[in-house]
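Visitor: File name protein.tsv; file contents TSV, C-alpha atoms and all ligand atoms; full text below.
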```
chain	number	residue	atom	x	y	z
A	1	MET	CA	0.00	0.00	0.00
A	2	HIS	CA	1.38	3.38	-0.96
A	3	ILE	CA	0.32	6.22	1.36
A	4	ASP	CA	0.24	9.72	-0.09
A	5	VAL	CA	1.40	12.00	2.71
A	6	GLU	CA	0.22	15.61	2.57
A	7	THR	CA	2.97	18.05	3.53
A	8	LEU	CA	1.86	20.03	6.56
A	9	PRO	CA	3.71	22.63	8.60
A	10	ASP	CA	5.66	20.95	11.39
A	11	ASN	CA	4.24	23.19	14.12
A	12	PRO	CA	5.26	22.58	17.74
A	13	VAL	CA	2.61	20.71	19.74
A	14	THR	CA	1.29	22.00	23.04
A	15	LEU	CA	-0.74	19.29	24.69
A	16	PRO	CA	-3.85	20.57	26.49
A	17	GLU	CA	-3.44	20.74	30.26
A	18	THR	CA	-6.56	18.66	30.86
A	19	LEU	CA	-6.67	15.83	28.35
A	20	GLY	CA	-9.89	14.05	29.29
A	21	PHE	CA	-10.79	11.11	27.05
A	22	GLY	CA	-11.35	11.59	23.31
A	23	ARG	CA	-11.79	15.37	23.45
A	24	HIS	CA	-8.69	16.56	21.59
A	25	PHE	CA	-7.46	15.33	18.23
A	26	THR	CA	-4.16	15.57	16.41
A	27	THR	CA	-3.61	17.50	13.18
A	28	ARG	CA	-3.44	14.56	10.75
A	29	MET	CA	-5.68	11.64	9.83
A	30	PHE	CA	-5.40	8.56	7.62
A	31	THR	CA	-8.07	7.96	4.95
A	32	ARG	CA	-8.59	5.33	2.29
A	33	ARG	CA	-11.52	4.52	0.01
A	34	TYR	CA	-13.08	1.28	-1.21
A	35	ASP	CA	-15.22	0.40	-4.17
A	36	ARG	CA	-15.93	-2.95	-5.80
A	37	GLU	CA	-13.90	-2.25	-8.92
A	38	ARG	CA	-10.73	-0.98	-7.30
A	39	GLY	CA	-10.86	-2.50	-3.80
A	40	TRP	CA	-9.04	-0.35	-1.22
A	41	HIS	CA	-7.31	2.59	-2.88
A	42	ASP	CA	-6.27	6.21	-2.49
A	43	ALA	CA	-4.53	5.85	0.91
A	44	ARG	CA	-3.58	9.24	2.33
A	45	ILE	CA	-2.36	10.91	5.45
A	46	GLU	CA	-3.81	14.39	5.32
A	47	ALA	CA	-4.89	17.26	7.53
A	48	TYR	CA	-7.55	16.34	10.11
A	49	ARG	CA	-10.70	17.81	8.65
A	50	PRO	CA	-14.49	17.38	8.65
A	51	LEU	CA	-15.84	14.65	6.38
A	52	THR	CA	-18.22	15.58	3.59
A	53	LEU	CA	-20.81	12.86	3.01
A	54	ASP	CA	-23.97	12.73	0.97
A	55	PRO	CA	-27.04	12.95	3.26
A	56	ALA	CA	-28.19	9.68	1.62
A	57	ALA	CA	-24.90	7.90	2.47
A	58	THR	CA	-26.03	4.52	3.73
A	59	VAL	CA	-24.13	4.85	7.04
A	60	TYR	CA	-26.71	7.48	8.08
A	61	HIS	CA	-29.62	5.17	7.37
A	62	ASN	CA	-28.55	1.56	7.87
A	63	GLY	CA	-25.76	2.30	10.35
A	64	GLN	CA	-23.25	0.16	8.50
A	65	MET	CA	-20.19	1.27	10.45
A	66	ILE	CA	-17.46	-0.23	12.61
A	67	PHE	CA	-14.65	1.13	14.72
A	68	ASP	CA	-11.92	-0.03	17.07
A	69	GLY	CA	-9.61	1.43	19.70
A	70	THR	CA	-6.01	0.88	20.67
A	71	LYS	CA	-3.30	3.05	22.23
A	72	ALA	CA	0.26	4.28	21.67
A	73	TYR	CA	2.27	4.70	24.88
A	74	ARG	CA	5.30	6.89	25.59
A	75	ARG	CA	8.26	4.79	26.70
A	76	PRO	CA	10.76	6.06	29.32
A	77	ASP	CA	13.42	6.31	26.54
A	78	GLY	CA	11.17	8.63	24.49
A	79	ASP	CA	10.19	6.05	21.85
A	80	ILE	CA	6.60	4.87	21.46
A	81	ASN	CA	4.97	1.48	21.99
A	82	LEU	CA	1.91	0.17	20.21
A	83	PHE	CA	0.15	-2.61	22.13
A	84	ARG	CA	-0.98	-5.63	20.09
A	85	PRO	CA	-2.18	-3.57	17.10
A	86	ASP	CA	-2.52	-6.79	15.08
A	87	CYS	CA	-5.17	-8.10	17.54
A	88	ASN	CA	-7.17	-4.91	17.09
A	89	ALA	CA	-6.82	-5.14	13.31
A	90	GLU	CA	-8.09	-8.72	13.38
A	91	ARG	CA	-11.03	-7.64	15.53
A	92	PHE	CA	-11.71	-4.77	13.09
A	93	ASN	CA	-12.00	-7.43	10.38
A	94	ALA	CA	-14.24	-9.62	12.54
A	95	SER	CA	-16.52	-6.60	13.02
A	96	ALA	CA	-16.39	-5.93	9.26
A	97	ARG	CA	-17.46	-9.50	8.46
A	98	ARG	CA	-20.39	-9.32	10.89
A	99	MET	CA	-21.55	-6.03	9.38
A	100	GLY	CA	-21.19	-7.18	5.76
A	101	MET	CA	-18.27	-4.80	5.11
A	102	PRO	CA	-14.96	-5.39	3.30
A	103	GLU	CA	-11.97	-6.49	5.36
A	104	VAL	CA	-8.66	-4.65	5.46
A	105	ASP	CA	-5.23	-6.22	5.14
A	106	VAL	CA	-3.97	-6.53	8.74
A	107	ASP	CA	-0.40	-5.51	7.86
A	108	GLU	CA	-1.58	-2.51	5.85
A	109	HIS	CA	-3.88	-1.39	8.65
A	110	VAL	CA	-1.05	-1.65	11.19
A	111	ALA	CA	1.32	0.12	8.75
A	112	ALA	CA	-1.19	2.98	8.42
A	113	ILE	CA	-1.40	3.30	12.23
A	114	THR	CA	2.39	3.15	12.57
A	115	GLU	CA	3.00	5.82	9.93
A	116	LEU	CA	0.31	8.12	11.34
A	117	VAL	CA	1.60	7.76	14.92
A	118	ARG	CA	5.18	8.30	13.74
A	119	LEU	CA	4.19	11.57	12.03
A	120	GLU	CA	2.15	12.64	15.08
A	121	HIS	CA	4.63	11.40	17.71
A	122	ARG	CA	4.75	14.76	19.48
A	123	TRP	CA	1.12	14.20	20.48
A	124	VAL	CA	1.90	11.11	22.55
A	125	PRO	CA	1.72	12.36	26.15
A	126	GLY	CA	4.10	11.06	28.79
A	127	GLY	CA	2.21	11.44	32.08
A	128	ASP	CA	1.09	8.56	34.25
A	129	GLY	CA	-1.92	6.77	32.73
A	130	THR	CA	-1.85	8.87	29.55
A	131	ALA	CA	-1.57	7.64	25.95
A	132	LEU	CA	-2.40	8.49	22.36
A	133	TYR	CA	-5.72	6.77	21.68
A	134	ILE	CA	-6.01	5.41	18.12
A	135	ARG	CA	-9.49	5.23	16.63
A	136	PRO	CA	-9.83	3.35	13.30
A	137	VAL	CA	-13.26	3.62	11.69
A	138	MET	CA	-15.00	2.25	8.58
A	139	ILE	CA	-18.23	3.72	7.23
A	140	ALA	CA	-20.53	2.88	4.33
A	141	THR	CA	-20.59	5.83	1.94
A	142	GLU	CA	-22.69	4.71	-1.05
A	143	LYS	CA	-25.61	7.01	-1.82
A	144	THR	CA	-28.55	4.63	-1.36
A	145	LEU	CA	-31.46	4.03	0.97
A	146	GLU	CA	-31.63	0.34	0.02
A	147	VAL	CA	-31.03	-2.05	2.92
A	148	ARG	CA	-28.06	-4.05	1.62
A	149	ALA	CA	-24.27	-3.90	1.77
A	150	SER	CA	-22.90	-0.60	0.56
A	151	ARG	CA	-20.63	-0.79	-2.48
A	152	GLU	CA	-18.41	2.05	-1.27
A	153	TYR	CA	-16.62	2.63	2.03
A	154	LEU	CA	-14.31	5.05	3.78
A	155	HIS	CA	-11.67	3.75	6.19
A	156	TYR	CA	-10.13	6.42	8.40
A	157	ILE	CA	-7.96	6.66	11.49
A	158	ILE	CA	-7.86	9.55	13.95
A	159	LEU	CA	-5.73	10.06	17.06
A	160	SER	CA	-6.54	11.58	20.44
A	161	PRO	CA	-4.13	12.26	23.34
A	162	VAL	CA	-5.94	10.93	26.41
A	163	ALA	CA	-5.88	10.69	30.17
A	164	PRO	CA	-7.24	7.48	31.77
A	165	TYR	CA	-10.84	6.74	30.70
A	166	PHE	CA	-12.20	7.47	34.18
A	167	ALA	CA	-11.34	10.97	35.39
A	168	ALA	CA	-10.27	9.67	38.81
A	169	GLY	CA	-7.63	7.36	37.24
A	170	PHE	CA	-7.04	4.04	39.03
A	171	ALA	CA	-9.88	4.61	41.51
A	172	PRO	CA	-12.88	2.35	42.08
A	173	VAL	CA	-15.85	2.78	39.75
A	174	ALA	CA	-19.48	2.06	40.55
A	175	VAL	CA	-21.43	-0.21	38.24
A	176	TYR	CA	-25.18	-0.31	37.61
A	177	VAL	CA	-26.59	-3.72	36.70
A	178	ALA	CA	-29.09	-3.22	33.84
A	179	ALA	CA	-32.31	-4.95	34.79
A	180	ASP	CA	-34.67	-3.54	32.12
A	181	TYR	CA	-32.47	-3.29	29.06
A	182	VAL	CA	-30.20	-5.77	27.29
A	183	ARG	CA	-27.21	-4.98	25.10
A	184	ALA	CA	-26.85	-8.01	22.87
A	185	VAL	CA	-28.03	-11.50	22.08
A	186	ARG	CA	-26.21	-14.46	20.59
A	187	GLY	CA	-26.26	-14.17	16.83
A	188	GLY	CA	-26.72	-10.40	17.11
A	189	THR	CA	-24.01	-7.77	16.77
A	190	GLY	CA	-22.70	-7.80	20.37
A	191	GLU	CA	-19.35	-9.22	19.37
A	192	ALA	CA	-18.81	-6.52	16.73
A	193	LYS	CA	-17.53	-3.06	17.56
A	194	THR	CA	-20.35	-1.25	15.82
A	195	PRO	CA	-21.99	1.98	17.02
A	196	GLY	CA	-25.51	0.49	17.28
A	197	ASN	CA	-24.40	-1.50	20.33
A	198	TYR	CA	-23.31	1.72	22.01
A	199	ALA	CA	-26.35	3.73	20.88
A	200	GLY	CA	-28.57	1.05	22.42
A	201	SER	CA	-26.68	1.34	25.70
A	202	ILE	CA	-27.14	5.06	26.24
A	203	ALA	CA	-30.58	5.02	27.92
A	204	ALA	CA	-29.26	2.51	30.48
A	205	THR	CA	-26.09	4.58	30.93
A	206	GLU	CA	-28.27	7.59	31.80
A	207	LEU	CA	-30.01	5.45	34.46
A	208	ALA	CA	-26.59	4.39	35.74
A	209	LEU	CA	-25.38	7.99	35.97
A	210	ALA	CA	-28.56	8.97	37.82
A	211	ARG	CA	-27.73	6.28	40.41
A	212	GLY	CA	-24.18	7.60	40.82
A	213	CYS	CA	-22.58	4.85	38.69
A	214	GLN	CA	-20.11	5.27	35.81
A	215	GLN	CA	-20.78	2.04	33.91
A	216	VAL	CA	-23.58	-0.40	33.11
A	217	LEU	CA	-23.14	-4.12	33.77
A	218	TRP	CA	-25.02	-6.06	31.12
A	219	LEU	CA	-26.66	-9.39	31.71
A	220	ASP	CA	-27.34	-11.86	28.90
A	221	GLY	CA	-30.22	-10.97	26.62
A	222	VAL	CA	-32.27	-14.15	27.04
A	223	GLU	CA	-32.39	-15.14	30.71
A	224	ARG	CA	-31.10	-11.80	32.05
A	225	ARG	CA	-29.11	-13.82	34.48
A	226	TRP	CA	-25.61	-14.41	33.13
A	227	VAL	CA	-23.06	-11.64	33.39
A	228	ASP	CA	-21.87	-10.43	29.96
A	229	GLU	CA	-19.66	-7.31	30.23
A	230	VAL	CA	-19.72	-3.64	31.21
A	231	GLY	CA	-20.29	-0.64	28.90
A	232	ALA	CA	-16.75	-0.27	27.57
A	233	MET	CA	-14.96	-3.11	29.32
A	234	ASN	CA	-14.97	-6.82	29.91
A	235	ILE	CA	-15.46	-7.84	33.53
A	236	ALA	CA	-13.65	-10.15	35.93
A	237	PHE	CA	-14.26	-11.42	39.48
A	238	VAL	CA	-11.62	-12.54	41.96
A	239	ARG	CA	-12.50	-15.48	44.20
A	240	ASN	CA	-10.74	-16.03	47.50
A	241	GLY	CA	-8.13	-13.37	46.81
A	242	ARG	CA	-6.57	-15.32	43.95
A	243	GLU	CA	-8.69	-17.03	41.28
A	244	ILE	CA	-9.92	-14.90	38.40
A	245	ILE	CA	-13.21	-15.64	36.66
A	246	THR	CA	-14.33	-13.83	33.52
A	247	PRO	CA	-17.48	-14.59	31.49
A	248	VAL	CA	-16.84	-16.91	28.59
A	249	LEU	CA	-17.20	-15.39	25.10
A	250	THR	CA	-20.65	-16.22	23.82
A	251	GLY	CA	-20.82	-14.21	20.62
A	252	ALA	CA	-22.67	-11.46	22.49
A	253	ILE	CA	-19.56	-10.14	24.26
A	254	LEU	CA	-16.72	-8.11	22.79
A	255	HIS	CA	-13.50	-10.11	22.48
A	256	GLY	CA	-11.39	-7.62	24.41
A	257	VAL	CA	-7.65	-7.38	23.80
A	258	THR	CA	-7.07	-6.39	27.44
A	259	ARG	CA	-9.14	-9.38	28.63
A	260	ARG	CA	-7.23	-11.70	26.33
A	261	SER	CA	-3.88	-10.30	27.55
A	262	LEU	CA	-4.80	-10.54	31.24
A	263	LEU	CA	-6.01	-14.13	30.78
A	264	GLN	CA	-2.46	-14.95	29.70
A	265	LEU	CA	-0.61	-12.66	32.10
A	266	ALA	CA	-2.53	-13.45	35.32
A	267	PRO	CA	-1.67	-17.20	35.54
A	268	ASP	CA	1.99	-16.34	34.94
A	269	LEU	CA	1.80	-14.11	38.03
A	270	GLY	CA	0.21	-16.86	40.12
A	271	PHE	CA	-3.45	-15.98	39.61
A	272	PRO	CA	-5.26	-18.88	37.92
A	273	ALA	CA	-7.82	-17.56	35.42
A	274	GLN	CA	-10.98	-19.23	34.25
A	275	GLU	CA	-13.47	-18.37	31.50
A	276	ARG	CA	-16.94	-19.59	32.36
A	277	ARG	CA	-20.54	-18.51	32.75
A	278	ILE	CA	-21.17	-16.63	35.98
A	279	SER	CA	-24.66	-15.62	37.08
A	280	ILE	CA	-25.60	-12.40	38.84
A	281	GLU	CA	-26.85	-14.52	41.82
A	282	GLU	CA	-23.41	-16.12	42.11
A	283	VAL	CA	-21.86	-12.64	42.09
A	284	LEU	CA	-24.24	-11.28	44.72
A	285	ASP	CA	-23.88	-14.38	46.94
A	286	GLY	CA	-20.10	-14.31	46.53
A	287	LEU	CA	-19.95	-10.65	47.52
A	288	ALA	CA	-22.24	-11.24	50.53
A	289	SER	CA	-20.24	-14.26	51.76
A	290	GLY	CA	-16.89	-12.60	51.05
A	291	HIS	CA	-15.82	-15.32	48.59
A	292	ILE	CA	-15.69	-12.76	45.79
A	293	THR	CA	-12.99	-10.42	47.01
A	294	GLU	CA	-12.56	-8.15	43.98
A	295	VAL	CA	-14.31	-7.11	40.78
A	296	PHE	CA	-12.61	-5.24	37.94
A	297	GLY	CA	-13.21	-4.11	34.39
A	298	MET	CA	-10.67	-4.63	31.57
A	299	GLY	CA	-10.44	-2.45	28.46
A	300	THR	CA	-8.11	-0.27	26.43
A	301	GLY	CA	-9.55	2.99	27.80
A	302	ALA	CA	-9.04	2.34	31.51
A	303	VAL	CA	-6.74	-0.73	31.08
A	304	LEU	CA	-7.99	-2.11	34.41
A	305	ALA	CA	-10.71	-0.43	36.48
A	306	PRO	CA	-11.46	-1.73	39.97
A	307	VAL	CA	-15.19	-1.88	40.77
A	308	GLY	CA	-15.97	-0.58	44.27
A	309	ARG	CA	-19.75	-0.74	44.25
A	310	LEU	CA	-22.58	-2.55	42.43
A	311	VAL	CA	-26.14	-1.27	42.17
A	312	TYR	CA	-28.72	-3.94	41.33
A	313	GLN	CA	-32.40	-2.99	41.47
A	314	ASP	CA	-32.86	-1.48	44.94
A	315	ARG	CA	-29.66	-2.95	46.37
A	316	GLU	CA	-26.27	-1.30	46.78
A	317	ILE	CA	-23.40	-3.71	47.36
A	318	THR	CA	-19.87	-2.67	48.27
A	319	VAL	CA	-17.09	-4.84	46.84
A	320	GLY	CA	-14.69	-5.73	49.67
A	321	ASP	CA	-13.88	-2.48	51.43
A	322	GLY	CA	-14.73	-0.49	48.30
A	323	GLN	CA	-11.06	0.13	47.48
A	324	PRO	CA	-8.86	-1.35	44.71
A	325	GLY	CA	-7.80	-4.84	45.79
A	326	PRO	CA	-4.33	-6.41	45.63
A	327	VAL	CA	-4.99	-8.53	42.52
A	328	ALA	CA	-6.27	-5.52	40.54
A	329	ARG	CA	-3.32	-3.43	41.71
A	330	ARG	CA	-0.76	-6.07	40.73
A	331	LEU	CA	-2.28	-6.77	37.31
A	332	HIS	CA	-2.67	-3.07	36.57
A	333	ALA	CA	0.96	-2.36	37.48
A	334	GLU	CA	2.27	-5.31	35.45
A	335	LEU	CA	0.20	-4.67	32.32
A	336	THR	CA	0.67	-0.89	32.22
A	337	GLY	CA	4.39	-1.42	32.94
A	338	LEU	CA	4.65	-3.75	29.96
A	339	GLN	CA	2.61	-1.47	27.67
A	340	THR	CA	4.70	1.62	28.45
A	341	GLY	CA	8.07	-0.16	28.27
A	342	ARG	CA	8.74	0.32	32.01
A	343	ARG	CA	8.76	-3.47	32.43
A	344	PRO	CA	10.00	-6.20	30.09
A	345	ASP	CA	7.61	-7.67	27.52
A	346	PRO	CA	8.26	-11.43	27.46
A	347	TYR	CA	5.17	-11.96	25.26
A	348	GLY	CA	6.24	-9.77	22.34
A	349	TRP	CA	3.00	-7.78	22.55
A	350	THR	CA	4.52	-4.33	22.08
A	351	ARG	CA	5.70	-2.81	18.80
A	352	ARG	CA	8.19	-0.05	19.19
A	353	ILE	CA	8.18	3.05	17.01
A	354	ALA	CA	11.56	4.77	17.18
A	355	VAL	CA	11.23	8.56	17.34
A	356	SER	CA	13.91	9.62	19.81
A	357	GLY	CA	17.55	10.37	19.14
B	1	LIG	C1	-18.28	-3.23	24.91
B	1	LIG	C2	-16.83	-3.37	25.18
B	1	LIG	N1	-16.39	-4.47	25.82
B	1	LIG	C3	-15.09	-4.66	26.08
B	1	LIG	C4	-14.14	-3.73	25.69
B	1	LIG	C5	-12.68	-3.99	25.97
B	1	LIG	O1	-11.98	-4.33	24.81
B	1	LIG	P1	-10.43	-3.97	24.65
B	1	LIG	O2	-9.74	-4.58	25.81
B	1	LIG	O3	-10.03	-4.59	23.37
B	1	LIG	O4	-10.34	-2.50	24.65
B	1	LIG	C6	-14.55	-2.57	25.02
B	1	LIG	C7	-13.57	-1.57	24.57
B	1	LIG	O5	-13.07	-1.63	23.49
B	1	LIG	C8	-15.93	-2.39	24.75
B	1	LIG	O6	-16.35	-1.30	24.10
```
Here is the file; what I need is its structure written in the form of structure tokens.
Ligand SMILES: Cc1ncc(COP(=O)(O)O)c(C=O)c1O
Guide:
Amino acid sequence: MHIDVETLPDNPVTLPETLGFGRHFTTRMFTRRYDRERGWHDARIEAYRPLTLDPAATVYHNGQMIFDGTKAYRRPDGDINLFRPDCNAERFNASARRMGMPEVDVDEHVAAITELVRLEHRWVPGGDGTALYIRPVMIATEKTLEVRASREYLHYIILSPVAPYFAAGFAPVAVYVAADYVRAVRGGTGEAKTPGNYAGSIAATELALARGCQQVLWLDGVERRWVDEVGAMNIAFVRNGREIITPVLTGAILHGVTRRSLLQLAPDLGFPAQERRISIEEVLDGLASGHITEVFGMGTGAVLAPVGRLVYQDREITVGDGQPGPVARRLHAELTGLQTGRRPDPYGWTRRIAVSG
């Protein structure tokens, strides 16, 4: 793939004092177009600018759109680490298949990310918990109201310097268990990273916020009994201070890269990890008896977010003493250390982009 790079002034970058999450964007973006005759073509890195789309573009009507999210981290030596960008590219393709969209070549997608991050390296912040969030997107652009696969697409990548997903950083979050709404069913689109899943979650998120919670915990769509995941994270429970349990992938749950990494890392640190179904009753009983000692979310945005409190119907349940537990602390330190190059990476998960010296 040849990428046409627009020449832009190399202005110095002043990072905003308060980064937040996904509020500021860098000056360049990657774009590439698809049609049936030419396949993917016209790859460019150009100035970040508004998109111009026909009001009849099918993305606005049928919602044929996917996205993903990964991060670039500043290393102590000034270089930059990408974390498992190939896993995100493969998930982008899995989402594309589910939504009837064309796949991208994994190596080309990772090359586009690498080149864009290299050009925008001054935007990678260096503070604790910060990163450059990478947001690849694909939208259906054909002008048609027919309900069928679009014949034209736009693939683009934008970058945002971010603080940790939750403003308080590595502090416990409160989670609202959705009792009236469901996010996904098997055979639906729950496993794809497509905006409809998130749009359908917003009413429940408003209920969660009204109850003082930051995230929604979704139960399965059929029995409303089995724990699926939280709004932007997979979920895990710690039994007896050691064993980790995370819901098994059912097709309704996002296959998280952080989840997948922690499932491999945790046993190597002495925490056996199990993927299985876990019901909300088992969670509530385990918290009441003290057998479940910790709960935490896992996702690119927060990396690992300890859960301090659960709200389920009219009940409020504190997890342990409400503070981050030792397993969450250890895993968070190990994984963020590996991602940022502060600790060794025996798994070969990081890809270094040399920008210093
Ligand atoms: C619904 C949902 N589940 C889980 C995750 C965690 O996935 P990952 O660890 O790949 O970021 C995310 C975030 O991408 C998400 O949006």
Visitor: Write out as CSV the residues of segment 172-220 of chain A that have any atom within 10 Å of an atom of segment 87-109 of chain A, one row each with the nearest atom pair and its distance in Å to one decimal, counting all atoms listed in the file, sorted by chain and then rising number.
Guide:
```
residue,atom,partner,partner_atom,distance
A:Gly187,CA,A:Arg98,CA,9.7
A:Gly188,CA,A:Arg98,CA,8.9
A:Thr189,CA,A:Arg98,CA,7.1
A:Gly190,CA,A:Ser95,CA,9.7
A:Glu191,CA,A:Ser95,CA,7.4
A:Ala192,CA,A:Ser95,CA,4.4
A:Lys193,CA,A:Ser95,CA,5.8
A:Thr194,CA,A:Ser95,CA,7.2
```
Visitor: Produce a file of the selected residues containing C-alpha atoms, as a compact mmCIF listing (two decimals), keeping the file's coordinate frame.
Guide:
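See again_13.txt below for the written result:
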```
# COMPACT_ATOMS: atom_id res chain seq x y z
CA GLY A 187 -26.26 -14.17 16.83
CA GLY A 188 -26.72 -10.40 17.11
CA THR A 189 -24.01 -7.77 16.77
CA GLY A 190 -22.70 -7.80 20.37
CA GLU A 191 -19.35 -9.22 19.37
CA ALA A 192 -18.81 -6.52 16.73
CA LYS A 193 -17.53 -3.06 17.56
CA THR A 194 -20.35 -1.25 15.82
```
Visitor: Write out as a PyMOL selection string each polymer residue (protein, DNA or RNA) that has an atom no more than 6 Å from ligand LIG 1 (chain B), with all atoms listed in the file counted.
Guide: chain A and resi 69+231-234+254+256-259+298-300
Visitor: Just to be explicit: take each residue in the selection above, keep C-alpha atoms, and write the result as a PDB file, in the coordinates of the input.
Guide:
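Okay, again_0.pdb is ready:
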```
ATOM      1  CA  GLY A  69      -9.610   1.430  19.700  1.00  0.00           C
ATOM      2  CA  GLY A 231     -20.290  -0.640  28.900  1.00  0.00           C
ATOM      3  CA  ALA A 232     -16.750  -0.270  27.570  1.00  0.00           C
ATOM      4  CA  MET A 233     -14.960  -3.110  29.320  1.00  0.00           C
ATOM      5  CA  ASN A 234     -14.970  -6.820  29.910  1.00  0.00           C
ATOM      6  CA  LEU A 254     -16.720  -8.110  22.790  1.00  0.00           C
ATOM      7  CA  GLY A 256     -11.390  -7.620  24.410  1.00  0.00           C
ATOM      8  CA  VAL A 257      -7.650  -7.380  23.800  1.00  0.00           C
ATOM      9  CA  THR A 258      -7.070  -6.390  27.440  1.00  0.00           C
ATOM     10  CA  ARG A 259      -9.140  -9.380  28.630  1.00  0.00           C
ATOM     11  CA  MET A 298     -10.670  -4.630  31.570  1.00  0.00           C
ATOM     12  CA  GLY A 299     -10.440  -2.450  28.460  1.00  0.00           C
ATOM     13  CA  THR A 300      -8.110  -0.270  26.430  1.00  0.00           C
TER      14      THR A 300
END
```
Visitor: Calculated over all atoms listed in the file, which of the candidates A:Met138, A:Leu132, A:Ile245, A:Ala179 has the smallest distance to Gly221 of chain A?
Guide: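 Among A:Met138, A:Leu132, A:Ile245, A:Ala179, it is A:Ala179 that comes nearest to Gly221 of chain A.
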Visitor: Axis-aligned box over every listed atom of segment 149-167 of chain A, padded by 8 Å per side: centre and edges in Å to one decimal, as JSON?
Guide:
```
{"center_x": -14.2, "center_y": 4.2, "center_z": 16.5, "size_x": 36.1, "size_y": 32.2, "size_z": 53.9}
```
Visitor: May I have a table of the residues of segment 67-165 of chain A lying at most 9 Å from segment 37-48 of chain A, giving each one's closest pair of atoms and their distance in Å to one decimal, counting only C-alpha atoms, ordered by chain and ascending residue number, as a tab-separated table?
Guide:
```
residue	atom	partner	partner_atom	distance
A:Pro102	CA	A:Gly39	CA	8.7
A:Val104	CA	A:Trp40	CA	8.0
A:Ala112	CA	A:Ile45	CA	8.5
A:Glu115	CA	A:Ile45	CA	8.6
A:Leu116	CA	A:Ile45	CA	7.0
A:Tyr153	CA	A:Trp40	CA	8.8
A:His155	CA	A:Trp40	CA	8.9
A:Ile158	CA	A:Tyr48	CA	7.8
```
Visitor: By how many Å are atom CA of Ala56 of chain A and atom CA of Lys143 of chain A apart?
Guide: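 These atoms are spaced 5.1 Å apart.
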Visitor: Can you pull out every residue within 10 Å of Arg224 of chain A, counting all atoms listed in the file, but drop anything in the same chain fewer than 6 positions away, and send it as a PyMOL selection string?
Guide: chain A and resi 178-182+218+279-280
Visitor: Can you pull out the residues contacting segment 11-19 of chain A? Cut-off 10 Å, using only C-alpha atoms, and skip same-chain residues under 3 positions away; I want them as JSON, numbers by chain.
Guide: {"A": [8, 22, 23, 24, 26, 27, 120, 121, 122, 123, 124, 125, 130, 131, 160, 161, 162, 163, 164, 167]}
Visitor: Just write the chosen residues, C-alpha atoms, as a PDB file, in the frame of the given file.
Guide:
```pdb
ATOM      1  CA  LEU A   8       1.860  20.030   6.560  1.00  0.00           C
ATOM      2  CA  GLY A  22     -11.350  11.590  23.310  1.00  0.00           C
ATOM      3  CA  ARG A  23     -11.790  15.370  23.450  1.00  0.00           C
ATOM      4  CA  HIS A  24      -8.690  16.560  21.590  1.00  0.00           C
ATOM      5  CA  THR A  26      -4.160  15.570  16.410  1.00  0.00           C
ATOM      6  CA  THR A  27      -3.610  17.500  13.180  1.00  0.00           C
ATOM      7  CA  GLU A 120       2.150  12.640  15.080  1.00  0.00           C
ATOM      8  CA  HIS A 121       4.630  11.400  17.710  1.00  0.00           C
ATOM      9  CA  ARG A 122       4.750  14.760  19.480  1.00  0.00           C
ATOM     10  CA  TRP A 123       1.120  14.200  20.480  1.00  0.00           C
ATOM     11  CA  VAL A 124       1.900  11.110  22.550  1.00  0.00           C
ATOM     12  CA  PRO A 125       1.720  12.360  26.150  1.00  0.00           C
ATOM     13  CA  THR A 130      -1.850   8.870  29.550  1.00  0.00           C
ATOM     14  CA  ALA A 131      -1.570   7.640  25.950  1.00  0.00           C
ATOM     15  CA  SER A 160      -6.540  11.580  20.440  1.00  0.00           C
ATOM     16  CA  PRO A 161      -4.130  12.260  23.340  1.00  0.00           C
ATOM     17  CA  VAL A 162      -5.940  10.930  26.410  1.00  0.00           C
ATOM     18  CA  ALA A 163      -5.880  10.690  30.170  1.00  0.00           C
ATOM     19  CA  PRO A 164      -7.240   7.480  31.770  1.00  0.00           C
ATOM     20  CA  ALA A 167     -11.340  10.970  35.390  1.00  0.00           C
TER      21      ALA A 167
END
```
Visitor: Taking only C-alpha atoms into account, name the residue in A:Val216, A:Ala140, A:Val173, A:Ala333 that is nearest to Leu265 of chain A.
Guide: A:Ala333
Visitor: Could you check which of A:Arg75, A:Gly200, A:Gln274, A:Asn62 is closest to Pro344 of chain A, using all atoms listed in the file?
Guide: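 Between A:Arg75, A:Gly200, A:Gln274, A:Asn62, the residue approaching Pro344 of chain A most closely is A:Arg75.
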Visitor: Pick out the residues sitting within 10 Å of Arg342 of chain A, and hand them over as a list in words; count all atoms listed in the file, and ignore anything fewer than 2 positions along from it in its own chain.
Guide: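 My reading of the contact set: Arg74, Arg75, Pro76, Asp77, Ala333, Glu334, Leu335, Thr336, Gly337, Leu338, Gln339, Thr340, Pro344 and Asp345 of chain A.
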Visitor: Any idea what the distance is between atom CA of Tyr34 of chain A and atom CA of Gly301 of chain A?
Guide: 29.3 Å
Visitor: Name the closest residue to Ile66 of chain A among the candidates A:Arg36, A:Arg28, A:Arg330, A:Arg135; distances are taken between atoms, counting all atoms listed in the file.
Guide: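 Distance minimum relative to Ile66 of chain A lands on A:Arg135.
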Visitor: Which residues, written as a list in words, have at least one atom at most 10 Å from Phe166 of chain A, with all atoms listed in the file counted and residues fewer than 6 positions away on the same chain left out?
Guide: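 Using all atoms listed in the file, the neighbours found are Gly20, Phe21, Pro172, Val173, Gln214, Gly301, Ala302 and Ala305 of chain A.
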Visitor: May I ask for the distance between atom CA of Val175 of chain A and atom CA of Pro267 of chain A, given in Å to one decimal place?
Guide: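 So the answer is 26.2 Å.
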